[in-house]
Amino acid sequence: MLRFNERAVIDGAPAEDDALMPHLAAVEAARGDTTLTYFEFTTLAILRLFQQAGLDVAVLEVRSWRPLLTRST
């Protein structure tokens with residue numbers, strides 16, 4: 001991934017900066033004193049973008065970059 005915009009693809013094209021900015025600003029305004037992680041903040045903005053785009057279907061890919069914790073039983 002080279003650009004943040006590649007995280008939000010609609011109809012095969014990454015979202016443009018001017019399409020993403022209002023959604024990032026809306027999340028910032030709505031969160032008030034609530035602390036959000038980078039993942040939470042950007043996910044909310046992208047989901048808002050998808051919702052307002054009127055998509056019939058959205059495919060979300062979520063990855064955890066933390067190592068999986070395992071334990072012996």
# chains A, B, ... in the order shown; residues from 1 in each chain; ligands from 1

call {"tool": "select_by_dssp", "arguments": {"residues": "chain A", "states": "alpha helix (DSSP H)", "output": "PyMOL selection string"}}
result
chain A and resi 17-31+38-53

call {"tool": "residues_around", "arguments": {"residues": "Leu47 of chain A", "least_positions_apart": "4", "cutoff": "9 Å", "atoms": "only C-alpha atoms", "output": "PyMOL selection string"}}
result
chain A and resi 8+23+42-43+51-52

call {"tool": "write_last_selection", "arguments": {"atoms": "all heavy atoms", "output": "PDB file, in the first residue's frame"}}
result
ATOM      1  N   ALA A   8      -9.657   2.710   0.853  1.00  0.00           N
ATOM      2  CA  ALA A   8     -11.071   2.928   0.528  1.00  0.00           C
ATOM      3  C   ALA A   8     -11.231   2.935  -0.992  1.00  0.00           C
ATOM      4  O   ALA A   8     -10.942   3.929  -1.642  1.00  0.00           O
ATOM      5  CB  ALA A   8     -11.552   4.248   1.115  1.00  0.00           C
ATOM      6  N   HIS A  23     -15.260  13.106   5.683  1.00  0.00           N
ATOM      7  CA  HIS A  23     -15.559  11.987   6.573  1.00  0.00           C
ATOM      8  C   HIS A  23     -14.552  11.920   7.723  1.00  0.00           C
ATOM      9  O   HIS A  23     -14.934  11.629   8.858  1.00  0.00           O
ATOM     10  CB  HIS A  23     -15.606  10.688   5.774  1.00  0.00           C
ATOM     11  CG  HIS A  23     -16.620  10.762   4.670  1.00  0.00           C
ATOM     12  ND1 HIS A  23     -17.973  10.778   4.913  1.00  0.00           N
ATOM     13  CD2 HIS A  23     -16.476  10.901   3.338  1.00  0.00           C
ATOM     14  CE1 HIS A  23     -18.618  10.889   3.774  1.00  0.00           C
ATOM     15  NE2 HIS A  23     -17.730  10.979   2.799  1.00  0.00           N
ATOM     16  N   THR A  42      -9.864   5.792  11.374  1.00  0.00           N
ATOM     17  CA  THR A  42      -9.907   5.660   9.915  1.00  0.00           C
ATOM     18  C   THR A  42     -11.009   4.705   9.469  1.00  0.00           C
ATOM     19  O   THR A  42     -11.634   4.931   8.431  1.00  0.00           O
ATOM     20  CB  THR A  42      -8.543   5.215   9.355  1.00  0.00           C
ATOM     21  OG1 THR A  42      -8.154   3.971   9.944  1.00  0.00           O
ATOM     22  CG2 THR A  42      -7.478   6.265   9.615  1.00  0.00           C
ATOM     23  N   THR A  43     -11.277   3.654  10.250  1.00  0.00           N
ATOM     24  CA  THR A  43     -12.355   2.728   9.898  1.00  0.00           C
ATOM     25  C   THR A  43     -13.700   3.443   9.927  1.00  0.00           C
ATOM     26  O   THR A  43     -14.530   3.281   9.021  1.00  0.00           O
ATOM     27  CB  THR A  43     -12.372   1.515  10.844  1.00  0.00           C
ATOM     28  OG1 THR A  43     -11.122   0.823  10.717  1.00  0.00           O
ATOM     29  CG2 THR A  43     -13.506   0.562  10.508  1.00  0.00           C
ATOM     30  N   GLN A  51     -21.067   4.386   3.390  1.00  0.00           N
ATOM     31  CA  GLN A  51     -22.497   4.551   3.648  1.00  0.00           C
ATOM     32  C   GLN A  51     -23.075   5.661   2.777  1.00  0.00           C
ATOM     33  O   GLN A  51     -24.120   5.506   2.156  1.00  0.00           O
ATOM     34  CB  GLN A  51     -22.717   4.849   5.135  1.00  0.00           C
ATOM     35  CG  GLN A  51     -24.172   4.919   5.552  1.00  0.00           C
ATOM     36  CD  GLN A  51     -24.765   6.314   5.455  1.00  0.00           C
ATOM     37  OE1 GLN A  51     -24.085   7.302   5.674  1.00  0.00           O
ATOM     38  NE2 GLN A  51     -26.028   6.383   5.107  1.00  0.00           N
ATOM     39  N   GLN A  52     -22.382   6.767   2.686  1.00  0.00           N
ATOM     40  CA  GLN A  52     -22.897   7.891   1.912  1.00  0.00           C
ATOM     41  C   GLN A  52     -22.739   7.698   0.406  1.00  0.00           C
ATOM     42  O   GLN A  52     -23.376   8.396  -0.376  1.00  0.00           O
ATOM     43  CB  GLN A  52     -22.265   9.190   2.382  1.00  0.00           C
ATOM     44  CG  GLN A  52     -22.759   9.551   3.775  1.00  0.00           C
ATOM     45  CD  GLN A  52     -22.423  10.952   4.200  1.00  0.00           C
ATOM     46  OE1 GLN A  52     -21.804  11.718   3.472  1.00  0.00           O
ATOM     47  NE2 GLN A  52     -22.830  11.297   5.406  1.00  0.00           N
TER      48      GLN A  52
END

call {"tool": "residues_around", "arguments": {"residues": "segment 28-39 of chain A", "least_positions_apart": "6", "cutoff": "10 Å", "atoms": "only C-alpha atoms", "output": "list in words"}}
result
Pro22, Ala45 and Val62 of chain A

call {"tool": "write_last_selection", "arguments": {"atoms": "N, CA, C and O atoms", "output": "compact mmCIF listing (two decimals), in the first residue's frame"}}
result
# COMPACT_ATOMS: atom_id res chain seq x y z
N PRO A 22 -14.06 15.12 4.19
CA PRO A 22 -15.24 15.43 4.99
C PRO A 22 -15.57 14.33 6.01
O PRO A 22 -16.07 14.62 7.10
N ALA A 45 -14.28 6.63 9.47
CA ALA A 45 -14.35 7.56 8.34
C ALA A 45 -14.63 6.83 7.03
O ALA A 45 -15.46 7.26 6.22
N VAL A 62 -10.04 -6.81 7.12
CA VAL A 62 -9.49 -6.37 8.39
C VAL A 62 -8.33 -7.28 8.76
O VAL A 62 -8.46 -8.49 8.75

call {"tool": "closest_residue", "arguments": {"among": "A:Ala53, A:Asp11, A:Leu24, A:Glu16", "to": "Glu40 of chain A", "atoms": "only C-alpha atoms"}}
result
A:Leu24

call {"tool": "decode", "arguments": {"residues": "segment 8-49 of chain A", "atoms": "C-alpha atoms", "output": "PDB file, in the first residue's frame"}}
result
ATOM      1  CA  ALA A   8     -11.071   2.928   0.528  1.00  0.00           C
ATOM      2  CA  VAL A   9     -11.813   1.677  -2.977  1.00  0.00           C
ATOM      3  CA  ILE A  10     -15.159   2.341  -4.656  1.00  0.00           C
ATOM      4  CA  ASP A  11     -15.906   0.949  -8.105  1.00  0.00           C
ATOM      5  CA  GLY A  12     -12.281  -0.154  -8.461  1.00  0.00           C
ATOM      6  CA  ALA A  13     -10.717   3.249  -7.791  1.00  0.00           C
ATOM      7  CA  PRO A  14      -9.159   4.563  -4.575  1.00  0.00           C
ATOM      8  CA  ALA A  15     -11.145   7.370  -2.965  1.00  0.00           C
ATOM      9  CA  GLU A  16      -9.846  10.836  -3.731  1.00  0.00           C
ATOM     10  CA  ASP A  17      -8.567  13.110  -0.958  1.00  0.00           C
ATOM     11  CA  ASP A  18     -11.502  15.488  -1.387  1.00  0.00           C
ATOM     12  CA  ALA A  19     -13.936  12.578  -0.973  1.00  0.00           C
ATOM     13  CA  LEU A  20     -12.253  11.343   2.228  1.00  0.00           C
ATOM     14  CA  MET A  21     -11.621  14.648   4.002  1.00  0.00           C
ATOM     15  CA  PRO A  22     -15.241  15.432   4.992  1.00  0.00           C
ATOM     16  CA  HIS A  23     -15.559  11.987   6.573  1.00  0.00           C
ATOM     17  CA  LEU A  24     -12.309  12.302   8.509  1.00  0.00           C
ATOM     18  CA  ALA A  25     -13.461  15.737   9.703  1.00  0.00           C
ATOM     19  CA  ALA A  26     -16.883  14.372  10.701  1.00  0.00           C
ATOM     20  CA  VAL A  27     -15.328  11.619  12.808  1.00  0.00           C
ATOM     21  CA  GLU A  28     -13.020  14.153  14.450  1.00  0.00           C
ATOM     22  CA  ALA A  29     -15.953  16.417  15.277  1.00  0.00           C
ATOM     23  CA  ALA A  30     -18.170  13.591  16.533  1.00  0.00           C
ATOM     24  CA  ARG A  31     -15.632  11.902  18.784  1.00  0.00           C
ATOM     25  CA  GLY A  32     -15.555  14.754  21.295  1.00  0.00           C
ATOM     26  CA  ASP A  33     -13.308  13.719  24.191  1.00  0.00           C
ATOM     27  CA  THR A  34     -13.358  10.055  23.160  1.00  0.00           C
ATOM     28  CA  THR A  35      -9.915   8.733  22.311  1.00  0.00           C
ATOM     29  CA  LEU A  36      -9.815   6.623  19.160  1.00  0.00           C
ATOM     30  CA  THR A  37      -6.983   4.520  17.818  1.00  0.00           C
ATOM     31  CA  TYR A  38      -5.745   5.175  14.291  1.00  0.00           C
ATOM     32  CA  PHE A  39      -7.557   2.011  13.205  1.00  0.00           C
ATOM     33  CA  GLU A  40     -10.845   3.050  14.837  1.00  0.00           C
ATOM     34  CA  PHE A  41     -10.674   6.604  13.499  1.00  0.00           C
ATOM     35  CA  THR A  42      -9.907   5.660   9.915  1.00  0.00           C
ATOM     36  CA  THR A  43     -12.355   2.728   9.898  1.00  0.00           C
ATOM     37  CA  LEU A  44     -15.192   5.003  11.022  1.00  0.00           C
ATOM     38  CA  ALA A  45     -14.346   7.565   8.336  1.00  0.00           C
ATOM     39  CA  ILE A  46     -14.175   4.941   5.591  1.00  0.00           C
ATOM     40  CA  LEU A  47     -17.418   3.276   6.713  1.00  0.00           C
ATOM     41  CA  ARG A  48     -19.077   6.703   6.627  1.00  0.00           C
ATOM     42  CA  LEU A  49     -17.740   7.234   3.103  1.00  0.00           C
TER      43      LEU A  49
END
